[in-house]
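Some notes on the structure that comes next.
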Amino acid sequence: MDSAATAADLAAFGRAHPQGFGSLLIDPPWRFANRTGKVAPEHRRLARYATLSTEELATLPVAGLMAPASHVYLWCPNALLPDGLALLQAWGFTYKTNLVWYKVRKDGGPDGRGVGFYFRNVTELVLFGVRGSLRTAAPGRRQTNVMVHRKREHSKKPPTLYEIIEACSPGPYLELFARERRPGWAQWGDQVDTYEQTRKRHRGYDWALPATDEPA
């Protein structure tokens with residue numbers, strides 16, 4: 001992924017939305033090396049999507065898209081927590097807390113199909129940051145910070161988070177590196193109108209398919 005072209009495209013998107021957004025959801029195309037030293041997920045055997053380094057992500061003009069008082073929800077792999085915190089700071093947000101996606105099987109138990117060098121991951125973090133002085137709305141004080149939801153294919157996130165953001169944080173709403181449309185949101189990304197039509201379907205990960213080989 002060309003970071004300069006990505007930044008320029010995002011800046012153009014921002015000029016088309018000069019009002020500034022109240023809340024941002026972002027699932028960056030993280031780059032990290034696996035145990036063998038190969039870079040994932042853009043290694044040719046994986047062929048999932050192009051990625052950007054943390055340094056490249058930090059240079060994206062995210063701050064210019066946001067209102068002076070706004071919220072950010074940043075998906076962050078457990079292994080890249082320091083990078084996620086650094087991105088919040090680079091984009092002008094102060095880290096406040098996090099939400100945790102607990103990935104479960106159909107029977108509600110932990111889905112052990114995750115990866116990890118030290119422990120097998122069944123969770124993923126959403127880092128919550130604030131720009132200016134802006135608390136969550138009243139529903140936020142009743143919302144727990146755990147989302148219990150089944151997995152789908154690689155990088156597919158639970159729709160529950162949209163509902164949490166809409167209840168707890170101000171609009172207008174923006175999603176960056178989006179893969180599908182949601183009513184009431186502005187969404188930016190090179191897969192936003194193509195991903196659902198082209199993605200591979202896998203039993204046990206795609207709920208629309210029979211999960212005959214899904215672990216119990």
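Chain lettering (A, B, ...) mirrors the order of the structure tokens, residue numbering begins at 1 for each chain separately, and ligand numbering begins at 1 in order of display.
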Gly109 of chain A surroundings by only C-alpha atoms, 12 Å radius, close-in-sequence under 4 positions cut, as an mmCIF file with C-alpha atoms, in the first residue's frame:
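What follows is the written file around-v6.cif:
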data_model
loop_
_atom_site.group_PDB
_atom_site.id
_atom_site.type_symbol
_atom_site.label_atom_id
_atom_site.label_comp_id
_atom_site.auth_asym_id
_atom_site.auth_seq_id
_atom_site.Cartn_x
_atom_site.Cartn_y
_atom_site.Cartn_z
ATOM 1 C CA TYR A 102 -14.250 -11.973 23.535
ATOM 2 C CA LYS A 103 -14.404 -14.428 20.614
ATOM 3 C CA VAL A 104 -16.645 -17.405 21.287
ATOM 4 C CA ARG A 105 -17.764 -20.582 19.561
ATOM 5 C CA ARG A 113 -8.688 -20.859 16.626
ATOM 6 C CA VAL A 122 -9.427 -15.237 22.074
ATOM 7 C CA VAL A 148 -19.116 -11.434 23.409
ATOM 8 C CA HIS A 149 -19.441 -12.433 19.778
ATOM 9 C CA ARG A 150 -18.582 -15.255 17.410
ATOM 10 C CA LYS A 151 -15.702 -14.921 14.954
ATOM 11 C CA PRO A 215 -15.673 -26.783 16.801
ATOM 12 C CA ALA A 216 -18.309 -27.452 19.416
#
I need the strand (DSSP E) residues of segment 17-177 of chain A per DSSP on the backbone, written as a PDB file with C-alpha atoms, in the first residue's frame.
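The resulting file, result.pdb, is reproduced below:
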ATOM      1  CA  PHE A  21     -16.716  14.043  12.480  1.00  0.00           C
ATOM      2  CA  GLY A  22     -17.793  13.405  16.053  1.00  0.00           C
ATOM      3  CA  SER A  23     -16.771   9.758  16.221  1.00  0.00           C
ATOM      4  CA  LEU A  24     -14.261   7.623  14.335  1.00  0.00           C
ATOM      5  CA  LEU A  25     -14.081   3.836  14.021  1.00  0.00           C
ATOM      6  CA  ILE A  26     -10.870   2.578  12.445  1.00  0.00           C
ATOM      7  CA  PHE A  32       3.701  -6.975  11.806  1.00  0.00           C
ATOM      8  CA  ALA A  33       6.126  -9.872  11.473  1.00  0.00           C
ATOM      9  CA  VAL A  39       5.459 -10.099   7.285  1.00  0.00           C
ATOM     10  CA  ALA A  40       1.746 -10.781   7.736  1.00  0.00           C
ATOM     11  CA  MET A  66     -12.309  15.131  13.342  1.00  0.00           C
ATOM     12  CA  ALA A  67     -14.250  17.741  15.311  1.00  0.00           C
ATOM     13  CA  PRO A  68     -12.388  19.556  18.130  1.00  0.00           C
ATOM     14  CA  ALA A  69     -14.342  17.412  20.622  1.00  0.00           C
ATOM     15  CA  SER A  70     -14.619  13.848  19.344  1.00  0.00           C
ATOM     16  CA  HIS A  71     -14.151  10.156  20.088  1.00  0.00           C
ATOM     17  CA  VAL A  72     -12.081   7.427  18.427  1.00  0.00           C
ATOM     18  CA  TYR A  73     -12.488   3.642  18.556  1.00  0.00           C
ATOM     19  CA  LEU A  74      -9.311   1.940  17.323  1.00  0.00           C
ATOM     20  CA  TRP A  75      -9.147  -1.814  16.690  1.00  0.00           C
ATOM     21  CA  CYS A  76      -5.770  -2.985  17.950  1.00  0.00           C
ATOM     22  CA  THR A  94      -5.943  10.885  24.602  1.00  0.00           C
ATOM     23  CA  TYR A  95      -6.352   7.225  25.506  1.00  0.00           C
ATOM     24  CA  LYS A  96      -9.061   6.681  28.142  1.00  0.00           C
ATOM     25  CA  THR A  97     -10.062   3.011  28.237  1.00  0.00           C
ATOM     26  CA  ASN A  98     -10.740  -0.013  26.042  1.00  0.00           C
ATOM     27  CA  LEU A  99     -13.404  -2.431  24.953  1.00  0.00           C
ATOM     28  CA  VAL A 100     -12.660  -6.146  24.595  1.00  0.00           C
ATOM     29  CA  TRP A 101     -14.052  -8.493  21.988  1.00  0.00           C
ATOM     30  CA  TYR A 102     -14.250 -11.973  23.535  1.00  0.00           C
ATOM     31  CA  LYS A 103     -14.404 -14.428  20.614  1.00  0.00           C
ATOM     32  CA  VAL A 104     -16.645 -17.405  21.287  1.00  0.00           C
ATOM     33  CA  THR A 123      -9.731 -11.476  22.573  1.00  0.00           C
ATOM     34  CA  GLU A 124      -9.123  -8.320  20.567  1.00  0.00           C
ATOM     35  CA  LEU A 125      -8.958  -4.757  21.836  1.00  0.00           C
ATOM     36  CA  VAL A 126     -10.695  -1.557  20.837  1.00  0.00           C
ATOM     37  CA  LEU A 127      -8.791   1.420  22.219  1.00  0.00           C
ATOM     38  CA  PHE A 128     -11.045   4.338  23.123  1.00  0.00           C
ATOM     39  CA  GLY A 129      -9.650   7.852  22.923  1.00  0.00           C
ATOM     40  CA  VAL A 130     -10.974  11.370  23.384  1.00  0.00           C
ATOM     41  CA  ARG A 131     -10.159  14.660  21.706  1.00  0.00           C
ATOM     42  CA  VAL A 146     -16.877  -6.600  26.874  1.00  0.00           C
ATOM     43  CA  MET A 147     -18.396  -7.694  23.540  1.00  0.00           C
ATOM     44  CA  VAL A 148     -19.116 -11.434  23.409  1.00  0.00           C
ATOM     45  CA  HIS A 149     -19.441 -12.433  19.778  1.00  0.00           C
ATOM     46  CA  ARG A 150     -18.582 -15.255  17.410  1.00  0.00           C
ATOM     47  CA  TYR A 173     -19.895   8.976  12.313  1.00  0.00           C
ATOM     48  CA  LEU A 174     -16.859   8.005  10.229  1.00  0.00           C
ATOM     49  CA  GLU A 175     -15.259   4.619   9.572  1.00  0.00           C
ATOM     50  CA  LEU A 176     -11.824   4.394   7.952  1.00  0.00           C
TER      51      LEU A 176
END
Item to complete: Going by DSSP on the backbone, which bits of segment 16-202 of chain A are helix (DSSP H, G or I)? Write them as a ChimeraX atom specification, please.
Response: /A:54-58,63-65,78-90,138-141,160-168,195-198
Can you build me a table of segment 53-75 of chain A residues sitting at most 9 Å from segment 1-19 of chain A, with the closest atom pair per residue and its distance in Å to one decimal, using only C-alpha atoms, sorted by chain and residue number, as a Markdown table?
| residue | atom | partner | partner_atom | distance |
| --- | --- | --- | --- | --- |
| A:Ser53 | CA | A:Ser3 | CA | 9.0 |
| A:Glu56 | CA | A:Ser3 | CA | 6.1 |
| A:Leu57 | CA | A:Ser3 | CA | 7.8 |
| A:Thr59 | CA | A:Ala7 | CA | 7.5 |
| A:Leu60 | CA | A:Ala7 | CA | 5.1 |
| A:Pro61 | CA | A:Ala11 | CA | 6.3 |
| A:Val62 | CA | A:Leu10 | CA | 8.1 |
| A:Gly64 | CA | A:Gly14 | CA | 7.0 |
| A:Leu65 | CA | A:Gly14 | CA | 5.4 |
| A:Met66 | CA | A:Gln19 | CA | 8.3 |
| A:Ala67 | CA | A:Gln19 | CA | 7.4 |
Worksheet item: So how many Å separate atom CA of Leu85 of chain A and atom CA of Tyr118 of chain A, to one decimal?
Response: 21.2 Å
Item to complete: Give the answer as one residue: which of A:Gly132, A:Gly114, A:Pro28, A:Gly20 has the shortest atom-to-atom distance to Asp83 of chain A, using only C-alpha atoms?
Response: A:Pro28
